[in-house]
Amino acid sequence: MKSICIFGIFVADLCFFSHTIPIRGQTVLGTKHLVGPGGKGSNQSIAAARLGGDVRFITKLGVDNHADIALSLYKDAGINTNTIVQDPKLSTGVAGIMIDEKTGDNIINVVPGAAAHLSSQDIDKNRKVLKNSSIFLTQLETPSLVTSYALGKAKELNNLTILNPAPAAKINDNDFKLIDFFTPNEKEAGFYLNKNIETNNDVEEAADELLQKGINNIVITLGSKGVYFANKKEKYYVGAFNLKTDVVDTTGAGDAFNGAFAYALANEYQNKEALIFANKVAGISTTKLGAANSMPTIEEVNNY
């Protein structure tokens, strides 16, 4: 099995539940408050590691209780933490999440904290890790210039690169050419083309337009409808995995998909096999509450 390097952020999710989300100037009484692990890069690292992946996660934390949550989680998942920097002068990132219990709607404010101070030097310090990895996965929660630099280094060191463009943000035209697999959902794909994507025809046209930017493979995730894959040689849909139980929480399903996809590619699955596997892992994650906590082990996936 090849090794996977993931670059991203950890935040502690501070979740506030109430019967309604307050509007400006309003105070509401909540019903419960939970603190849990979050951050796309962190969730994706846990997803890949729980499946048995050999994962290195490059990020920056403070030295505080929230960092302890992260490090304990990584130890349990079997993630190598030598690539994680702790800075006592900075605080670990947090996300304030207000959740409407009736509808599941939420509003989120992410403060990356220490991870906002990730720099190109942090990538250079981990050059050996990148050199020994074959898959590099990142998102867009890290500082944009550093993400661009990391993609360039990963490509230079012969990594297969996966960019999950979440949250959607501007990408330099030249950086599209550094991406082997681009994994937006419909909204994120639409952001890069300045259009709404609603029908299958919209999805297929969007993939063609994204390929023209120089990306090698496009994977548009479609939630309960599965995924659409396109490159210059082939195009096809892969349906969502049929679940035996009800969906209880879709939080982190995209992260489960990306982590599982990286794991599958590291194990030399063909593209279609990797997508089927990633769909299955993402599907299973929706049958459990939480993001990081819902990532299944390889035993759970094999026995499901």
# chains A, B, ... in the order shown; residues from 1 in each chain; ligands from 1

call {"tool": "select_by_dssp", "arguments": {"residues": "region 35-216 of chain A", "states": "helix (DSSP H, G or I)", "output": "PyMOL selection string"}}
result
chain A and resi 40-50+65-77+114-117+120-125+127-132+144-156+173-176+186-193+200-211

call {"tool": "residues_around", "arguments": {"residues": "region 152-164 of chain A", "least_positions_apart": "2", "cutoff": "6 Å", "atoms": "only C-alpha atoms", "output": "list of chain:residue names"}}
result
A:Lys131, A:Ser134, A:Ile135, A:Phe136, A:Leu137, A:Thr138, A:Gln139, A:Tyr149, A:Ala150, A:Ala166, A:Ile179, A:Asp180, A:Phe181, A:Phe182, A:Thr183, A:Pro184

call {"tool": "atom_distance", "arguments": {"atom1": "CA of Asn217 (chain A)", "atom2": "CA of Asn279 (chain A)"}}
result
16.9 Å

call {"tool": "residues_around", "arguments": {"residues": "Ala168 (chain A)", "least_positions_apart": "2", "cutoff": "10 Å", "atoms": "only C-alpha atoms", "output": "list of chain:residue names"}}
result
A:Gln139, A:Leu140, A:Glu141, A:Asn164, A:Pro165, A:Ala166, A:Lys170, A:Ile171, A:Pro184, A:Asn185, A:Lys187, A:Glu188, A:Ala189, A:Gly190, A:Phe191, A:Tyr192

call {"tool": "residues_around", "arguments": {"residues": "Lys233 (chain A)", "least_positions_apart": "5", "cutoff": "12 Å", "atoms": "only C-alpha atoms", "output": "JSON, numbers by chain"}}
result
{"A": [208, 211, 216, 217, 218]}

call {"tool": "write_last_selection", "arguments": {"atoms": "C-alpha atoms", "output": "compact mmCIF listing (two decimals), in the first residue's frame"}}
result
# COMPACT_ATOMS: atom_id res chain seq x y z
CA ASP A 208 -16.26 18.99 -19.90
CA LEU A 211 -11.42 19.37 -18.07
CA ASN A 216 -6.82 15.32 -15.55
CA ASN A 217 -9.94 13.77 -13.95
CA ILE A 218 -13.20 15.29 -12.72

call {"tool": "residues_around", "arguments": {"residues": "Asn82 (chain A)", "least_positions_apart": "3", "cutoff": "10 Å", "atoms": "only C-alpha atoms", "output": "list of chain:residue names"}}
result
A:Arg56, A:Phe57, A:Ile58, A:Ile79, A:Val85, A:Asn126, A:Val129

call {"tool": "write_last_selection", "arguments": {"atoms": "N, CA and C atoms", "output": "short mmCIF file (atom, residue, chain, number, x, y, z; two decimals), in the first residue's frame"}}
result
data_model
loop_
_atom_site.label_atom_id
_atom_site.label_comp_id
_atom_site.auth_asym_id
_atom_site.auth_seq_id
_atom_site.Cartn_x
_atom_site.Cartn_y
_atom_site.Cartn_z
N ARG A 56 -0.16 10.57 6.64
CA ARG A 56 0.55 11.67 7.29
C ARG A 56 -0.32 12.91 7.11
N PHE A 57 -0.59 13.63 8.19
CA PHE A 57 -1.45 14.82 8.13
C PHE A 57 -0.63 16.05 8.49
N ILE A 58 -0.47 16.96 7.52
CA ILE A 58 0.27 18.20 7.76
C ILE A 58 -0.71 19.28 8.20
N ILE A 79 -2.91 7.66 12.87
CA ILE A 79 -2.31 8.67 11.99
C ILE A 79 -0.94 9.07 12.55
N VAL A 85 2.52 20.43 13.62
CA VAL A 85 3.25 21.45 14.39
C VAL A 85 2.31 21.98 15.48
N ASN A 126 8.46 19.24 5.33
CA ASN A 126 7.90 17.90 5.12
C ASN A 126 8.16 17.37 3.71
N VAL A 129 8.45 13.68 3.54
CA VAL A 129 7.14 13.01 3.66
C VAL A 129 6.45 12.99 2.29
#

call {"tool": "decode", "arguments": {"residues": "region 57-93 of chain A", "atoms": "C-alpha atoms", "output": "PDB file, in the first residue's frame"}}
result
ATOM      1  CA  PHE A  57      -1.453  14.819   8.134  1.00  0.00           C
ATOM      2  CA  ILE A  58       0.274  18.199   7.758  1.00  0.00           C
ATOM      3  CA  THR A  59      -1.390  20.854   9.925  1.00  0.00           C
ATOM      4  CA  LYS A  60      -0.786  23.319  12.775  1.00  0.00           C
ATOM      5  CA  LEU A  61      -2.388  23.288  16.239  1.00  0.00           C
ATOM      6  CA  GLY A  62      -2.056  25.316  19.423  1.00  0.00           C
ATOM      7  CA  VAL A  63      -1.138  23.811  22.787  1.00  0.00           C
ATOM      8  CA  ASP A  64      -4.558  23.614  24.431  1.00  0.00           C
ATOM      9  CA  ASN A  65      -7.523  21.350  25.199  1.00  0.00           C
ATOM     10  CA  HIS A  66      -8.765  21.432  21.614  1.00  0.00           C
ATOM     11  CA  ALA A  67      -5.356  20.250  20.364  1.00  0.00           C
ATOM     12  CA  ASP A  68      -5.527  17.401  22.889  1.00  0.00           C
ATOM     13  CA  ILE A  69      -8.848  16.283  21.332  1.00  0.00           C
ATOM     14  CA  ALA A  70      -7.176  16.177  17.897  1.00  0.00           C
ATOM     15  CA  LEU A  71      -4.023  14.352  18.960  1.00  0.00           C
ATOM     16  CA  SER A  72      -5.956  11.755  20.947  1.00  0.00           C
ATOM     17  CA  LEU A  73      -8.187  11.104  17.917  1.00  0.00           C
ATOM     18  CA  TYR A  74      -5.189  10.751  15.576  1.00  0.00           C
ATOM     19  CA  LYS A  75      -3.494   8.336  17.957  1.00  0.00           C
ATOM     20  CA  ASP A  76      -6.625   6.150  18.047  1.00  0.00           C
ATOM     21  CA  ALA A  77      -6.951   6.260  14.237  1.00  0.00           C
ATOM     22  CA  GLY A  78      -3.271   5.390  13.679  1.00  0.00           C
ATOM     23  CA  ILE A  79      -2.305   8.672  11.989  1.00  0.00           C
ATOM     24  CA  ASN A  80       1.384   9.572  12.074  1.00  0.00           C
ATOM     25  CA  THR A  81       1.570  12.919  13.946  1.00  0.00           C
ATOM     26  CA  ASN A  82       5.226  13.811  13.228  1.00  0.00           C
ATOM     27  CA  THR A  83       4.011  16.258  10.576  1.00  0.00           C
ATOM     28  CA  ILE A  84       1.790  18.198  13.009  1.00  0.00           C
ATOM     29  CA  VAL A  85       3.246  21.448  14.393  1.00  0.00           C
ATOM     30  CA  GLN A  86       2.097  22.790  17.769  1.00  0.00           C
ATOM     31  CA  ASP A  87       2.628  26.489  18.465  1.00  0.00           C
ATOM     32  CA  PRO A  88       2.113  27.592  22.102  1.00  0.00           C
ATOM     33  CA  LYS A  89       1.571  31.202  20.966  1.00  0.00           C
ATOM     34  CA  LEU A  90      -1.451  30.279  18.815  1.00  0.00           C
ATOM     35  CA  SER A  91      -4.815  28.730  19.631  1.00  0.00           C
ATOM     36  CA  THR A  92      -6.209  25.647  17.899  1.00  0.00           C
ATOM     37  CA  GLY A  93      -8.926  26.420  15.347  1.00  0.00           C
TER      38      GLY A  93
END
